[in-house]
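Undergrad: This is the structure I have questions about; it appears just below.
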Amino acid sequence: MGNILDRPIEFIKGIGPHRGKLMTEELGFRTAEDLIFSYPFRYVDKTNFSNISDIGREGEYVLLKAKLTSIKEIKGQRQKRLVAIAKDKTGYIELVWFKGVSWVVKMLVPDAEFSIYGRLTVFKGKKTISHPEMEMITGNNSAGLPTLDPVYSSTEKLTKIGIDSKARKRIIRTILSELRASEIPENLPSYITSRMGLLPRYEALIKIHAPKSMDEVNESIQRLKFNEIFFFQLSMLYSKHKRKLKFRGPIFDKIGDNFTNFYNTKLPFELTNAQKRVIKEIRADLGSKYQMNRMLQGDVGSGKTMVALLCMLIALDNGYQAVMLAPTQILAQQHFTSLKEYLEGTGIRVGFLTGAVKGKERKIVLDYLKNGELQIIVGTHALMEDSVVFKSLGLAVIDEQHRFGVVQRSKLWTKNPELIPHILVMTATPIPRTLAMTVYGDLDVSVIDELPPGRKPVKTVHMYESKRYQLIEFMREEIKKGRQIYVVYPLIEESETLDLQNLQQGYEQWRDIFKPPEFQISVVHGRMKAAEKDMEMKRFVDKVTQIMVATTVIEVGVNVPNASVMVIENTERFGLSQLHQLRGRVGRGAEQSFCILMSGVKISNVGKERIQTMVGTTDGFKIAEADLRLRGPGDIMGTQQSGIARFELLSLVEDKNLVSTARNIARQILDNDPLLEHPQNEILHKALADYFRKNKDWARIS
Ligand code: ADP
Ligand code: MG
């Protein structure tokens with residue numbers, strides 16, 4: 001008969017072609033295997049019957065064992081209803097049905113004992129359950145005896161054709177009754193299962209669907225969760241290793257004059273220990289013969305640019321060019337300016353290329369890149385175009401990873417036909433370690449976990465609209481002290497027009513309050529031409545204007561140390577990581593900085609929690625953890641495009657420890673046996689091949 005797991009669902013008893021088709025459409029199930037690897041999402045404890053006299057809390061779910069003493073159909077004005085009275089030793093209760101009356105009435109047997117489960121309503125002391133789940137208890141029928149009842153998800157459409165949780169339970173039981181242990185072979189070697197105290201896979205699968213106790217449920221979940229995360233990690237580490245072997249990178253084994261001279265005579269500050277450590281990590285990669293794919297993660301202001309620059313100098317010392325990519329024109333411009341400043345007097349030539357660089361200027365840049373005269377180039381995605389040809393590109397630094405997709409990253413690989421350039425991705429979006437390990441499994445990760453000394457944490461306050469006059473007073477005082485202020489409006493996703501209106505109105509209001517000639521205001525938004533934007537930005541940088549009214553275009557990277565106040569309008573509309581990025585724009589100078597979160601009185605609970613988190617901490621990792629908790633990993637910036645697996649049981653937030661344990665075990669195994677060739681790992685080798693086959697999409701991306 002073949003393996004039951006391969007059986008198409010329409011051939012499973014109780015399903016058939018029509019329901020089968022709908023199950024495929026609604027839940028994506030095609031075979032019996034899909035069904036049994038989709039688990040209950042909760043269990044109803046039916047192991048304890050209550051006495052009717054003991055219950056009485058409105059809305060509580062109760063399980064009773066009682067006899068039916070009367071069953072009556074009552075004709076109402078509009079519809080029939082069915083009323084039954086059930087009685088145990090301690091009292092009685094009313095059961096009511098409004099729907100399916102003619103079907104239910106057939107099932108009810110007077111004087112027979114039933115297990116009755118449902119939600120209690122109490123009205124003037126009268127206890128009622130509407131539409132209870134009923135099962136008759138008879139001598140040789142154990143169906144009605146107390147159990148843990150699995151509850152499966154369903155959809156409205158499926159419920160309509162009778163595939164509700166109960167039906168799914170029946171179908172699963174049918175499959176399980178035919179399932180042989182050999183059809184769910186063990187896929188972990190015993191040295192892992194015994195070390196971790198895990199149930200055999202077959203047993204776990206049976207018990208998660210048909211448990212006798214919550215302990216059994218928990219043991220099964222533990223085992224199946226481990227499988228989810230372990231094979232995910234194993235597959236990623238395995239692919240990474242294979243790719244490493246396949247792709248050679250240029251070898252940067254020299255530290256030469258470019259680096260040494262800069263380090264000894266130009267470095268404007270002492271590097272933090274964290275900066276030193278990550279540079280060492282990166283250097284180790286650059287010196288090996290393998291191509292580097294590393295992510296440099298560091299909170300806003302942690303000094304990633306300097307790390308990138310020092311790495312680029314190593315590339316130059318070894319005869320290669322380096323490129324630095326930024327997601328926006330403004331950012332690219334800022335990087336270009338700061339790199340040029342840092343490198344002044346070194347003789348190193350830095351170029352700049354964005355879509356706005358045209359004509360003769362562009363041609364010169366392209367020529368100089370090609371003949372190697374330009375050693376470092378800064379720009380936007382315009383640098384990815386085919387017309388951009390390097391003499392010998394050795395290192396690509398990508399700032400703010402989340403704006404570039406995986407595909408774009410791989411495009412850089414074609415820029416050096418001989419050897420694939422090393423890639424360093426920089427991000428200020430702090431990602432909790434567990435998530436980083438999972439989402440960026442294909443990248444190695446270095447973390448700058450220390451800010452340069454002397455930074456004062458930004459003071460953050462939440463202010464309701466009604467206190468706006470206080471805000472205005474405060475702003476006036478700060479400006480008098482010579483400080484500058486950002487005022488940020490949210491992007492309204494549904495409508496760019498609304499967006500602009502919102503900003504425009506806000507701008508006009510601010511202009512009425514802070515009037516020229518005493519005060520000057522800049523305004524920047526996404527719809528402006530690049531040149532216009534740059535001009536407004538420059539006016540602010542040059543302190544011609546004291547206030548910068550902007551949408552989130554200033555979110556990433558902009559550096560104006562004299563700006564010490566960040567006012568965020570309609571704070572409730574921003575996500576946590578965005579708020580954190582915005583706040584990172586201030587607190588860059590020596591002065592005490594402030595972040596003021598404005599909001600109306602009506603905010604959702606999630607909105608409130610976001611604001612409280614911001615007020616409570618400036619630690620990017622804590623904020624990222626909260627963000628993950630509030631939104632779930634699917635929405636964290638950058639994860640959509642990275643092909644993160646959907647886990648059925650695992651929670652990246654709650655199962656942090658399991659994630660690292662699984663990662664460590666996978667790493668240990670591959671360190672000793674990179675290609676899984678040892679006899680004791682044969683089982684893993686097979687299971688991994690299986691995993692790759694079933695997760696083709698993921699394999700393709702990584
Ligand atoms: P980010 O990591 O957000 O890109 P930057 O590289 O822009 O941060 O650095 C933020 C500021 O901190 C810059 O003005 C930079 O010159 C300064 N900086 C970087 N490293 C150090 C350090 N070790 N000591 C003092 N200041 C530093
Ligand atoms: Mg930066």
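The way I read the labels, and the way they are meant: chains A, B, ... in the order of the structure tokens, residue 1 as the first residue of every chain, and ligand 1 as the first ligand shown, with later ones counted on from there.
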Throw together the list of residues within 12 Å of ligand 2, counting only C-alpha atoms and all ligand atoms, and drop it here as a PyMOL selection string.

TA: chain A and resi 296-309+324-327+330-336+338-339+397-401+425-429+555-559+581+584-585+588

Undergrad: For Ser288 in chain A, find every residue with an atom within 10 Å (counting only C-alpha atoms), except residues of its own chain fewer than 2 positions away, and show them as a list of chain:residue names.

TA: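 The residues satisfying every condition are A:Arg248, A:Gly249, A:Pro250, A:Ile251, A:Phe252, A:Asp253, A:Arg283, A:Ala284, A:Asp285, A:Leu286, A:Tyr290, A:Gln291, A:Met292.
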
Undergrad: Would you mind exporting the chosen residues as a PDB file, in the first residue's frame, restricted to N, CA and C atoms?

TA:
```pdb
ATOM      1  N   ARG A 248      36.212  31.222  -3.636  1.00  0.00           N
ATOM      2  CA  ARG A 248      37.453  31.803  -3.146  1.00  0.00           C
ATOM      3  C   ARG A 248      37.312  33.316  -3.123  1.00  0.00           C
ATOM      4  N   GLY A 249      37.910  33.937  -2.124  1.00  0.00           N
ATOM      5  CA  GLY A 249      37.946  35.393  -2.099  1.00  0.00           C
ATOM      6  C   GLY A 249      39.383  35.838  -2.237  1.00  0.00           C
ATOM      7  N   PRO A 250      39.580  37.135  -2.549  1.00  0.00           N
ATOM      8  CA  PRO A 250      40.951  37.636  -2.598  1.00  0.00           C
ATOM      9  C   PRO A 250      41.587  37.515  -1.203  1.00  0.00           C
ATOM     10  N   ILE A 251      42.867  37.212  -1.174  1.00  0.00           N
ATOM     11  CA  ILE A 251      43.516  37.081   0.132  1.00  0.00           C
ATOM     12  C   ILE A 251      44.162  38.408   0.522  1.00  0.00           C
ATOM     13  N   PHE A 252      43.709  38.987   1.625  1.00  0.00           N
ATOM     14  CA  PHE A 252      44.318  40.214   2.131  1.00  0.00           C
ATOM     15  C   PHE A 252      45.213  39.823   3.306  1.00  0.00           C
ATOM     16  N   ASP A 253      46.433  39.435   3.021  1.00  0.00           N
ATOM     17  CA  ASP A 253      47.255  38.996   4.158  1.00  0.00           C
ATOM     18  C   ASP A 253      48.263  40.062   4.597  1.00  0.00           C
ATOM     19  N   ARG A 283      39.405  40.899   9.944  1.00  0.00           N
ATOM     20  CA  ARG A 283      40.733  40.637   9.367  1.00  0.00           C
ATOM     21  C   ARG A 283      41.002  39.152   9.194  1.00  0.00           C
ATOM     22  N   ALA A 284      40.560  38.380  10.156  1.00  0.00           N
ATOM     23  CA  ALA A 284      40.758  36.933  10.059  1.00  0.00           C
ATOM     24  C   ALA A 284      40.070  36.389   8.811  1.00  0.00           C
ATOM     25  N   ASP A 285      38.879  36.893   8.537  1.00  0.00           N
ATOM     26  CA  ASP A 285      38.164  36.470   7.323  1.00  0.00           C
ATOM     27  C   ASP A 285      38.903  36.905   6.063  1.00  0.00           C
ATOM     28  N   LEU A 286      39.339  38.166   6.076  1.00  0.00           N
ATOM     29  CA  LEU A 286      39.958  38.726   4.870  1.00  0.00           C
ATOM     30  C   LEU A 286      41.264  38.019   4.536  1.00  0.00           C
ATOM     31  N   TYR A 290      39.034  32.270   1.791  1.00  0.00           N
ATOM     32  CA  TYR A 290      37.616  32.184   1.488  1.00  0.00           C
ATOM     33  C   TYR A 290      36.976  33.552   1.447  1.00  0.00           C
ATOM     34  N   GLN A 291      35.896  33.623   0.673  1.00  0.00           N
ATOM     35  CA  GLN A 291      35.192  34.886   0.559  1.00  0.00           C
ATOM     36  C   GLN A 291      34.419  35.193   1.845  1.00  0.00           C
ATOM     37  N   MET A 292      34.561  36.424   2.315  1.00  0.00           N
ATOM     38  CA  MET A 292      33.867  36.812   3.543  1.00  0.00           C
ATOM     39  C   MET A 292      32.433  37.235   3.247  1.00  0.00           C
TER      40      MET A 292
END
```

Undergrad: So that I can check the surroundings of Ile129 in chain A, please list as a ChimeraX atom specification every protein, DNA and RNA residue that reaches within 9 Å of it, counting only C-alpha atoms and ignoring chain neighbours fewer than 5 positions away.

TA: /A:93-97,117-122

Undergrad: For range 108-115 of chain A, please output as a PyMOL selection string all residues within 10 Å (counting only C-alpha atoms; exclusion window: fewer than 4 positions along the same chain).

TA: chain A and resi 46+49+63-71+84-88+103-104+132-138+143-146

Undergrad: Find the residues near range 245-247 of chain A: any atom within 9 Å, counting only C-alpha atoms, skip ones fewer than 4 places away on the same chain, and give them as a PyMOL selection string.

TA: chain A and resi 240-241+289-291+419-420

Undergrad: Neighbouring residues of Met537 in chain A were defined as those with any atom within 10 Å, considering only C-alpha atoms; residues of the same chain fewer than 2 positions away were excluded. Please report them as a list in words.

TA: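 Using only C-alpha atoms, the neighbours found are Ile330, Ser522, Val523, Val524, Ala531, Glu532, Lys533, Asp534, Met535, Arg539, Phe540, Val541, Asp542, Lys543, Thr545, Met548, Ile554, Val558 and Val560 of chain A.
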
Undergrad: Take the selection from the previous step and output its residues with N, CA and C atoms, as a JSON list (two decimals), in the first residue's frame.

TA:
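Result went into part_14.json, see below:
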```json
[["chain", "number", "residue", "atom", "x", "y", "z"],
["A", 330, "ILE", "N", 21.38, 60.94, 0.38],
["A", 330, "ILE", "CA", 21.88, 61.74, 1.51],
["A", 330, "ILE", "C", 22.95, 60.99, 2.28],
["A", 522, "SER", "N", 13.98, 74.10, 8.11],
["A", 522, "SER", "CA", 14.19, 73.29, 6.91],
["A", 522, "SER", "C", 13.07, 72.27, 6.82],
["A", 523, "VAL", "N", 12.79, 71.84, 5.60],
["A", 523, "VAL", "CA", 11.81, 70.76, 5.46],
["A", 523, "VAL", "C", 12.32, 69.75, 4.43],
["A", 524, "VAL", "N", 12.21, 68.48, 4.79],
["A", 524, "VAL", "CA", 12.68, 67.42, 3.89],
["A", 524, "VAL", "C", 11.65, 66.29, 3.86],
["A", 531, "ALA", "N", 18.29, 67.08, -5.25],
["A", 531, "ALA", "CA", 19.09, 68.30, -5.10],
["A", 531, "ALA", "C", 18.48, 69.23, -4.05],
["A", 532, "GLU", "N", 17.13, 69.30, -4.09],
["A", 532, "GLU", "CA", 16.40, 70.13, -3.15],
["A", 532, "GLU", "C", 16.61, 69.64, -1.72],
["A", 533, "LYS", "N", 16.47, 68.32, -1.59],
["A", 533, "LYS", "CA", 16.65, 67.68, -0.30],
["A", 533, "LYS", "C", 18.03, 67.99, 0.27],
["A", 534, "ASP", "N", 19.01, 67.80, -0.60],
["A", 534, "ASP", "CA", 20.38, 68.03, -0.16],
["A", 534, "ASP", "C", 20.59, 69.47, 0.28],
["A", 535, "MET", "N", 19.92, 70.39, -0.44],
["A", 535, "MET", "CA", 20.10, 71.79, -0.09],
["A", 535, "MET", "C", 19.50, 72.08, 1.29],
["A", 539, "ARG", "N", 21.46, 73.24, 4.68],
["A", 539, "ARG", "CA", 21.15, 74.42, 5.49],
["A", 539, "ARG", "C", 21.10, 74.07, 6.97],
["A", 540, "PHE", "N", 20.60, 72.89, 7.24],
["A", 540, "PHE", "CA", 20.52, 72.45, 8.64],
["A", 540, "PHE", "C", 21.92, 72.12, 9.17],
["A", 541, "VAL", "N", 22.68, 71.38, 8.38],
["A", 541, "VAL", "CA", 24.03, 71.01, 8.79],
["A", 541, "VAL", "C", 24.87, 72.27, 9.04],
["A", 542, "ASP", "N", 24.68, 73.28, 8.19],
["A", 542, "ASP", "CA", 25.44, 74.53, 8.32],
["A", 542, "ASP", "C", 24.86, 75.47, 9.38],
["A", 543, "LYS", "N", 23.87, 75.02, 10.10],
["A", 543, "LYS", "CA", 23.23, 75.79, 11.18],
["A", 543, "LYS", "C", 22.52, 77.05, 10.69],
["A", 545, "THR", "N", 19.48, 76.83, 9.57],
["A", 545, "THR", "CA", 18.15, 76.58, 10.12],
["A", 545, "THR", "C", 18.29, 75.90, 11.49],
["A", 548, "MET", "N", 14.47, 71.17, 11.76],
["A", 548, "MET", "CA", 14.33, 70.36, 10.56],
["A", 548, "MET", "C", 13.04, 69.58, 10.68],
["A", 554, "ILE", "N", 14.95, 60.95, 7.24],
["A", 554, "ILE", "CA", 16.17, 61.20, 7.99],
["A", 554, "ILE", "C", 16.51, 60.04, 8.92],
["A", 558, "VAL", "N", 21.93, 59.90, 9.15],
["A", 558, "VAL", "CA", 22.28, 61.33, 9.11],
["A", 558, "VAL", "C", 22.97, 61.76, 10.40],
["A", 560, "VAL", "N", 24.23, 64.98, 12.50],
["A", 560, "VAL", "CA", 24.39, 66.41, 12.82],
["A", 560, "VAL", "C", 24.59, 66.52, 14.33]]
```

Undergrad: Quick one: residues within 12 Å of Phe37 in chain A, only C-alpha atoms counted, chain neighbours fewer than 6 positions away excluded, as a ChimeraX atom specification?

TA: /A:5,29-31,152,172,175-176,184,201-202,204-206,208-209,221,224-225,227-228,647-649

Undergrad: May I have all residues of range 146-265 of chain A that DSSP, computed from the backbone, assigns to strand (DSSP E or B), given as a list in words?

TA: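 Here are the strand (DSSP E or B) residues of range 146-265 of chain A: Leu148, Asp149, Pro150, Val151 and Arg248 of chain A.
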
Undergrad: Can you work out the spacing between CA of Lys515 in chain A and CA of Arg476 in chain A in Å, to one decimal?

TA: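 Separation of CA of Lys515 in chain A and CA of Arg476 in chain A: 11.4 Å.
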
Undergrad: How many Å lie between CA of Gln680 in chain A and CA of Ser651 in chain A, rounded to one decimal?

TA: 29.8 Å

Undergrad: Apply DSSP to the structure's backbone, then extract all residues of range 419-576 of chain A labelled helix (DSSP H, G or I) and return them as a count of residues only.

TA: 60

Undergrad: Rank nothing, just name the residue among A:Ser165, A:Ser194, A:Ser564, A:Thr272 nearest to Asp149 in chain A, using only C-alpha atoms.

TA: A:Ser165

Undergrad: For CA of Thr174 in chain A and CA of Met214 in chain A, determine how far apart the two atoms are, in Å to one decimal place.

TA: 22.2 Å

Undergrad: Restricting the calculation to only C-alpha atoms and all ligand atoms, which member of A:Lys411, A:Lys124, A:His580, A:Arg170 is positioned closest to ligand 1?

TA: A:His580

Undergrad: Measuring atom to atom with only C-alpha atoms and all ligand atoms, identify which of A:Ile669, A:Val445, A:Leu582, A:Val606 is nearest to ligand 1.

TA: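 Counting only C-alpha atoms and all ligand atoms, the residue closest to ligand 1 is A:Leu582.
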
Undergrad: Could you build a table of the residues in range 338-358 of chain A lying no more than 10 Å from range 382-393 of chain A, giving for each the nearest pair of atoms and their separation in Å rounded to one decimal place, using only C-alpha atoms, ordered by chain and ascending residue number, as JSON lines?

TA:
```
{"residue": "A:Phe352", "atom": "CA", "partner": "A:Leu383", "partner_atom": "CA", "distance": 9.4}
{"residue": "A:Leu353", "atom": "CA", "partner": "A:Leu383", "partner_atom": "CA", "distance": 6.7}
{"residue": "A:Thr354", "atom": "CA", "partner": "A:Ala382", "partner_atom": "CA", "distance": 5.3}
{"residue": "A:Gly355", "atom": "CA", "partner": "A:Ala382", "partner_atom": "CA", "distance": 5.6}
{"residue": "A:Ala356", "atom": "CA", "partner": "A:Ala382", "partner_atom": "CA", "distance": 9.1}
{"residue": "A:Val357", "atom": "CA", "partner": "A:Ala382", "partner_atom": "CA", "distance": 9.4}
```
